$ cat model-v2.tsv   # TSV, C-alpha atoms
chain	number	residue	atom	x	y	z
A	20	MET	CA	-14.16	23.55	57.13
A	21	LYS	CA	-14.68	20.31	55.29
A	22	GLN	CA	-14.83	17.29	57.49
A	23	VAL	CA	-13.97	13.76	56.54
A	24	MET	CA	-17.15	12.04	55.48
A	25	ASP	CA	-16.03	8.43	55.66
A	26	TYR	CA	-12.91	6.53	56.54
A	27	ILE	CA	-11.99	3.05	55.34
A	28	GLU	CA	-9.00	1.14	56.60
A	29	MET	CA	-7.49	-2.12	55.39
A	30	LYS	CA	-4.60	-4.18	56.64
A	31	ILE	CA	-2.82	-6.59	54.32
A	32	PRO	CA	0.21	-8.84	54.70
A	33	ALA	CA	3.26	-7.17	53.14
A	34	LYS	CA	3.26	-9.66	50.25
A	35	PRO	CA	3.22	-9.00	46.48
A	36	GLU	CA	0.01	-10.93	45.84
A	37	TYR	CA	-2.11	-8.49	47.86
A	38	VAL	CA	-1.17	-5.28	46.03
A	39	GLY	CA	-3.75	-6.07	43.32
A	40	VAL	CA	-6.43	-6.39	45.99
A	41	ILE	CA	-5.72	-2.83	47.10
A	42	ARG	CA	-6.03	-1.62	43.50
A	43	LEU	CA	-9.45	-3.24	43.24
A	44	THR	CA	-10.57	-1.58	46.47
A	45	LEU	CA	-9.29	1.78	45.28
A	46	SER	CA	-11.16	1.34	41.98
A	47	GLY	CA	-14.37	0.73	43.86
A	48	ILE	CA	-13.98	3.72	46.16
A	49	THR	CA	-12.90	6.16	43.45
A	50	SER	CA	-15.61	5.11	40.95
A	51	ARG	CA	-18.19	5.66	43.62
A	52	MET	CA	-16.74	9.12	44.31
A	53	GLY	CA	-16.98	10.09	40.64
A	54	TYR	CA	-13.39	10.34	39.49
A	55	THR	CA	-12.68	10.00	35.77
A	56	TYR	CA	-11.18	6.85	34.25
A	57	GLU	CA	-7.81	8.57	33.82
A	58	GLU	CA	-7.76	9.79	37.43
A	59	ILE	CA	-8.65	6.33	38.72
A	60	GLU	CA	-5.91	4.70	36.65
A	61	ASP	CA	-3.39	7.28	37.92
A	62	MET	CA	-4.38	6.63	41.53
A	63	LYS	CA	-4.13	2.87	40.97
A	64	ILE	CA	-0.50	3.33	39.97
A	65	ALA	CA	0.26	5.67	42.89
A	66	ILE	CA	-1.25	3.39	45.54
A	67	SER	CA	0.46	0.34	44.01
A	68	GLU	CA	3.82	2.11	44.06
A	69	ALA	CA	3.42	2.92	47.75
A	70	CYS	CA	2.39	-0.67	48.55
A	71	THR	CA	5.19	-2.06	46.35
A	72	ASN	CA	7.75	-0.04	48.32
A	73	ALA	CA	6.41	-1.45	51.56
A	74	VAL	CA	6.30	-5.02	50.21
A	75	GLN	CA	9.82	-4.83	48.86
A	76	HIS	CA	11.29	-3.57	52.11
A	77	ALA	CA	9.51	-6.19	54.11
A	78	TYR	CA	10.68	-8.76	51.60
A	79	ASN	CA	14.31	-7.57	51.38
A	80	ASP	CA	14.62	-7.56	55.13
A	81	ASP	CA	12.87	-10.90	55.38
A	82	GLU	CA	10.83	-9.65	58.27
A	83	GLY	CA	7.31	-10.03	56.94
A	84	GLY	CA	4.95	-7.49	58.42
A	85	GLU	CA	1.78	-5.73	57.45
A	86	ILE	CA	0.75	-2.71	55.46
A	87	VAL	CA	-2.07	-0.47	56.64
A	88	ILE	CA	-3.97	1.42	53.97
A	89	GLY	CA	-6.36	4.19	54.96
A	90	PHE	CA	-8.81	6.01	52.68
A	91	GLY	CA	-10.17	9.37	53.88
A	92	ILE	CA	-13.17	10.12	51.73
A	93	TYR	CA	-14.21	13.79	51.47
A	94	GLN	CA	-16.67	15.57	49.24
A	95	ASP	CA	-13.94	17.10	47.14
A	96	LYS	CA	-10.94	14.83	47.60
A	97	LEU	CA	-9.57	11.44	48.54
A	98	GLU	CA	-6.76	11.09	51.04
A	99	ILE	CA	-4.80	7.88	50.91
A	100	MET	CA	-2.38	6.71	53.56
A	101	VAL	CA	-0.08	3.74	53.12
A	102	ALA	CA	1.83	2.84	56.28
A	103	ASP	CA	4.48	0.22	56.60
A	104	TYR	CA	5.58	-0.58	60.11
A	105	GLY	CA	8.69	-2.40	59.04
A	106	LYS	CA	12.15	-0.89	58.88
A	107	SER	CA	12.41	2.52	57.30
A	108	PHE	CA	13.90	2.76	53.90
A	109	ASN	CA	16.20	5.59	53.03
A	110	PHE	CA	13.76	8.05	51.51
A	111	THR	CA	16.32	10.80	50.93
A	112	LYS	CA	18.54	8.44	48.99
A	113	THR	CA	15.60	7.07	47.03
A	114	LYS	CA	14.47	10.61	46.22
A	115	GLU	CA	17.86	11.42	44.76
A	116	GLU	CA	17.45	8.53	42.38
A	117	LEU	CA	14.08	9.72	41.08
A	118	GLY	CA	13.40	9.84	37.33
A	119	PRO	CA	12.49	10.92	34.74
A	120	TYR	CA	15.09	9.83	32.29
A	121	THR	CA	16.09	12.28	29.61
A	122	GLN	CA	17.44	11.83	26.15
A	123	SER	CA	20.91	12.44	27.51
A	124	SER	CA	20.65	9.64	30.08
A	125	THR	CA	23.22	7.02	29.30
A	126	VAL	CA	22.43	3.34	29.55
A	127	ASP	CA	24.57	3.14	32.68
A	128	GLN	CA	22.44	5.77	34.38
A	129	LEU	CA	19.29	3.73	33.97
A	130	THR	CA	18.37	2.16	37.23
A	131	GLU	CA	15.64	-0.37	37.61
A	132	GLY	CA	14.28	1.20	40.78
A	133	GLY	CA	13.60	4.76	41.93
A	134	LEU	CA	10.72	5.39	39.54
A	135	GLY	CA	8.01	4.47	42.02
A	136	LEU	CA	8.21	7.60	44.14
A	137	TYR	CA	8.61	9.75	41.06
A	138	LEU	CA	5.34	8.34	39.72
A	139	ILE	CA	3.52	8.93	43.02
A	140	GLU	CA	4.63	12.57	42.97
A	141	THR	CA	3.66	13.02	39.35
A	142	LEU	CA	0.27	11.35	39.49
A	143	MET	CA	-1.07	12.70	42.80
A	144	ASP	CA	-1.89	16.29	43.76
A	145	LYS	CA	-0.17	16.25	47.16
A	146	VAL	CA	2.32	13.81	48.62
A	147	HIS	CA	3.84	13.68	52.08
A	148	VAL	CA	6.21	10.99	53.27
A	149	THR	CA	7.15	10.47	56.88
A	150	ASN	CA	9.91	8.23	57.98
A	151	HIS	CA	9.56	7.27	61.61
A	152	ASN	CA	8.67	3.81	62.91
A	153	GLY	CA	8.36	2.72	59.32
A	154	VAL	CA	7.39	4.72	56.28
A	155	THR	CA	4.05	6.39	55.76
A	156	VAL	CA	3.10	7.74	52.36
A	157	PHE	CA	0.24	10.20	52.54
A	158	MET	CA	-1.30	11.38	49.29
A	159	VAL	CA	-4.23	13.44	48.10
A	160	LYS	CA	-6.20	13.56	44.87
A	161	TYR	CA	-8.82	16.28	44.35
A	162	LEU	CA	-12.07	15.71	42.51
A	163	SER	CA	-12.91	17.72	39.39
A	164	GLY	CA	-9.34	18.80	38.82
A	165	GLU	CA	-9.36	21.53	41.47
A	166	SER	CA	-5.80	20.61	42.30
A	167	GLU	CA	-3.08	22.72	43.78
A	168	THR	CA	0.52	22.71	42.73
A	169	HIS	CA	2.40	19.46	43.04
A	170	ASP	CA	4.34	19.59	46.23
A	171	THR	CA	6.15	16.98	48.19
A	172	THR	CA	7.50	17.27	51.66
A	173	THR	CA	9.62	14.88	53.58
A	174	SER	CA	10.14	14.72	57.26
A	175	ASN	CA	12.46	12.51	59.18
A	176	HIS	CA	11.79	12.10	62.86
A	177	LYS	CA	14.14	10.13	64.98
A	178	ALA	CA	11.99	8.01	67.20
A	179	ASP	CA	14.71	7.35	69.78
B	4	MET	CA	-5.12	-11.30	38.88
B	5	ASN	CA	-2.76	-13.14	36.64
B	6	ILE	CA	-0.44	-12.83	33.70
B	7	LYS	CA	-0.20	-14.82	30.50
B	8	ILE	CA	2.92	-14.95	28.39
B	9	ASP	CA	3.22	-16.43	24.88
B	10	SER	CA	6.41	-16.40	22.87
B	11	GLN	CA	7.42	-17.29	19.31
B	12	GLN	CA	11.02	-17.53	18.23
B	13	ASN	CA	12.38	-17.34	14.70
B	14	ASN	CA	16.20	-17.40	14.74
B	15	GLU	CA	17.26	-14.14	16.41
B	16	GLU	CA	13.76	-12.67	16.35
B	17	ILE	CA	11.52	-13.23	19.32
B	18	LEU	CA	7.93	-12.08	19.59
B	19	VAL	CA	6.30	-12.14	23.01
B	20	HIS	CA	2.68	-11.41	23.77
B	21	VAL	CA	1.85	-10.46	27.34
B	22	ALA	CA	-1.68	-10.36	28.73
B	23	GLY	CA	-2.83	-9.29	32.19
B	24	GLU	CA	-1.43	-6.99	34.85
B	25	ILE	CA	2.27	-6.27	35.34
B	26	ASP	CA	2.94	-5.41	38.97
B	27	VAL	CA	5.12	-6.41	41.92
B	28	TYR	CA	3.49	-9.84	41.94
B	29	THR	CA	3.63	-10.71	38.23
B	30	ALA	CA	6.79	-8.85	37.10
B	31	PRO	CA	9.18	-11.46	38.59
B	32	ARG	CA	7.40	-14.21	36.65
B	33	LEU	CA	7.54	-12.24	33.43
B	34	LYS	CA	11.23	-11.58	34.03
B	35	GLU	CA	11.86	-15.28	34.61
B	36	GLU	CA	10.33	-16.06	31.21
B	37	LEU	CA	11.92	-13.24	29.25
B	38	VAL	CA	15.51	-13.17	30.52
B	39	PRO	CA	16.43	-16.64	29.16
B	40	LEU	CA	15.01	-15.67	25.74
B	41	VAL	CA	17.37	-12.73	25.31
B	42	GLY	CA	20.58	-14.54	26.19
B	43	GLY	CA	23.01	-14.51	23.27
B	44	GLU	CA	24.12	-12.09	20.56
B	45	ASN	CA	21.94	-9.95	18.27
B	46	LYS	CA	18.60	-10.96	19.71
B	47	LYS	CA	15.66	-8.87	18.57
B	48	LEU	CA	12.90	-8.93	21.15
B	49	THR	CA	9.47	-7.50	20.36
B	50	VAL	CA	6.93	-7.44	23.16
B	51	SER	CA	3.28	-6.80	22.43
B	52	LEU	CA	1.56	-5.08	25.37
B	53	LYS	CA	-1.85	-4.95	23.68
B	54	ASP	CA	-3.54	-6.97	26.39
B	55	VAL	CA	-1.74	-5.50	29.37
B	56	SER	CA	-4.47	-3.83	31.40
B	57	TYR	CA	-2.23	-2.45	34.14
B	58	MET	CA	1.46	-1.69	34.56
B	59	ASP	CA	3.57	0.32	37.01
B	60	SER	CA	7.25	0.91	37.84
B	61	THR	CA	7.86	-2.79	38.39
B	62	GLY	CA	7.11	-3.34	34.68
B	63	LEU	CA	9.19	-0.33	33.66
B	64	GLY	CA	12.10	-1.68	35.70
B	65	LEU	CA	11.77	-5.04	34.04
B	66	PHE	CA	11.91	-3.56	30.53
B	67	ILE	CA	14.85	-1.34	31.44
B	68	GLY	CA	16.70	-4.45	32.63
B	69	LEU	CA	15.92	-6.31	29.40
B	70	PHE	CA	16.88	-3.31	27.31
B	71	LYS	CA	20.28	-3.12	29.02
B	72	GLN	CA	20.89	-6.83	28.63
B	73	LEU	CA	19.99	-6.76	24.93
B	74	LYS	CA	22.00	-3.62	24.25
B	75	GLN	CA	25.13	-5.20	25.74
B	76	ASN	CA	24.86	-8.03	23.23
B	77	ASP	CA	23.99	-5.87	20.19
B	78	GLY	CA	20.35	-6.81	20.46
B	79	GLU	CA	17.16	-4.76	20.16
B	80	LEU	CA	14.04	-4.25	22.24
B	81	LYS	CA	10.74	-3.04	20.83
B	82	LEU	CA	7.52	-2.60	22.79
B	83	ILE	CA	4.47	-2.54	20.54
B	84	ASP	CA	0.67	-2.14	20.68
B	85	LEU	CA	0.75	0.14	23.73
B	86	SER	CA	-2.55	1.58	24.95
B	87	ASP	CA	-2.70	5.34	25.56
B	88	ARG	CA	-2.35	4.65	29.29
B	89	LEU	CA	0.82	2.64	28.85
B	90	LYS	CA	2.24	5.13	26.37
B	91	ARG	CA	1.71	7.88	28.94
B	92	LEU	CA	3.52	5.84	31.60
B	93	PHE	CA	6.57	5.49	29.33
B	94	GLU	CA	6.41	9.18	28.42
B	95	ILE	CA	6.13	10.72	31.89
B	96	THR	CA	9.04	8.62	33.11
B	97	GLY	CA	11.15	9.55	30.09
B	98	ILE	CA	11.67	5.91	29.17
B	99	SER	CA	10.10	6.47	25.76
B	100	ASN	CA	13.24	8.52	24.97
B	101	ILE	CA	15.35	5.42	25.41
B	102	ILE	CA	13.28	2.35	24.61
B	103	HIS	CA	11.46	2.10	21.30
B	104	ILE	CA	7.68	2.09	21.87
B	105	SER	CA	4.73	2.18	19.49
B	106	THR	CA	0.99	2.36	19.95
B	107	GLU	CA	-1.77	0.17	18.56
$ encode --input "model-v2.tsv" --output "structure tokens"
Amino acid sequence: MKQVMDYIEMKIPAKPEYVGVIRLTLSGITSRMGYTYEEIEDMKIAISEACTNAVQHAYNDDEGGEIVIGFGIYQDKLEIMVADYGKSFNFTKTKEELGPYTQSSTVDQLTEGGLGLYLIETLMDKVHVTNHNGVTVFMVKYLSGESETHDTTTSNHKAD
Amino acid sequence: MNIKIDSQQNNEEILVHVAGEIDVYTAPRLKEELVPLVGGENKKLTVSLKDVSYMDSTGLGLFIGLFKQLKQNDGELKLIDLSDRLKRLFEITGISNIIHISTE
């Protein structure tokens, strides 16, 4: 059994200007772990998408709040958790709106949102989203390409 | 982290050069600068992304919005000088099937 070697946690205000700070932190952690340039750039997008979701919900609901980002550093993988303790967004609905667009997509079908979660799923090896007391996006990227199939699971727990 | 936007306009043709990172923080500013430029008929907007070091779905959403606005008014949108990273982002999301992109 492989145990977590190190754990790093950060808490940022749910504001757009701090998403870039998280990308810088991720760059530092993943370079140290030995990921390739391409893998690091992919993870930067995935973590930004998760933070962007959290920021936008906090912003839309005008309730402020914080985002907690956790990095579980293992020998062979990085686990990233992005938790937003604001109001839950409708993950099922968002999932239905996921890309990609195809050649047959009409201009009317193009939405300006919905691509974020699609990108997270595409760029990470494992993704799990929970939707109770806020949204938590949990994602995994393996080192040296020893990845499993892309799978995404969703669970909705009613907290009341 | 910041973004720099330069634009040149020659009748209906507009060339915009964007430098920096396009994310949830900078995309609204870029949108604010670009939307007024594409108001009116037959506008041809070309955006050079040569110096864009990072972009995610917030940037994609912005360009989809511009594309729709231009298309409604018989205009055109071209994204040029894309790095391999950016090209991949447009390809995996299928947006390269809809919006004209070209690499450096």
$ residues_around --input "model-v2.tsv" --residues "Leu45 (chain A)" --least-positions-apart "2" --cutoff "9 Å" --atoms "only C-alpha atoms" --output "PyMOL selection string"
chain A and resi 40-43+47-50+59+62-63+66+90
$ closest_residue --input "model-v2.tsv" --among "B:Tyr57, B:Lys74, B:Glu16, B:Val21" --to "Glu36 (chain B)" --atoms "only C-alpha atoms"
B:Val21
$ interface_residues --input "model-v2.tsv" --of "chain B" --to "chain A" --cutoff "6 Å" --atoms "all atoms listed in the file" --output "PyMOL selection string"
chain B and resi 27-28+59-60+64+96-97+100
$ residues_around --input "model-v2.tsv" --residues "Leu65 (chain B)" --least-positions-apart "4" --cutoff "10 Å" --atoms "all atoms listed in the file" --output "list in words"
Glu131 and Gly132 of chain A; Ile25, Ala30, Pro31, Leu33, Lys34, Leu37, Val38, Ser60, Thr61, Leu69 and Phe70 of chain B
$ residues_around --input "model-v2.tsv" --residues "Lys7 (chain B)" --least-positions-apart "4" --cutoff "12 Å" --atoms "all atoms listed in the file" --output "number ranges by chain"
B: 19-25, 29-30, 32-33, 36, 51-52, 54-56
$ atom_distance --input "model-v2.tsv" --atom1 "CA of Leu85 (chain B)" --atom2 "CA of His103 (chain B)"
11.2 Å
$ residues_around --input "model-v2.tsv" --residues "Glu44 (chain B)" --least-positions-apart "2" --cutoff "7 Å" --atoms "only C-alpha atoms" --output "count of residues only"
4
$ residues_around --input "model-v2.tsv" --residues "Tyr104 (chain A)" --least-positions-apart "4" --cutoff "9 Å" --atoms "only C-alpha atoms" --output "PDB file with C-alpha atoms, keeping the file's coordinate frame"
ATOM      1  CA  ALA A  73       6.410  -1.450  51.560  1.00  0.00           C
ATOM      2  CA  GLY A  84       4.950  -7.490  58.420  1.00  0.00           C
ATOM      3  CA  GLU A  85       1.780  -5.730  57.450  1.00  0.00           C
ATOM      4  CA  ILE A  86       0.750  -2.710  55.460  1.00  0.00           C
ATOM      5  CA  VAL A  87      -2.070  -0.470  56.640  1.00  0.00           C
ATOM      6  CA  HIS A 151       9.560   7.270  61.610  1.00  0.00           C
ATOM      7  CA  ASN A 152       8.670   3.810  62.910  1.00  0.00           C
ATOM      8  CA  GLY A 153       8.360   2.720  59.320  1.00  0.00           C
ATOM      9  CA  VAL A 154       7.390   4.720  56.280  1.00  0.00           C
ATOM     10  CA  THR A 155       4.050   6.390  55.760  1.00  0.00           C
TER      11      THR A 155
END
$ atom_distance --input "model-v2.tsv" --atom1 "CA of Ile139 (chain A)" --atom2 "CA of Val159 (chain A)"
10.3 Å
$ atom_distance --input "model-v2.tsv" --atom1 "CA of Glu28 (chain A)" --atom2 "CA of Glu98 (chain A)"
11.6 Å
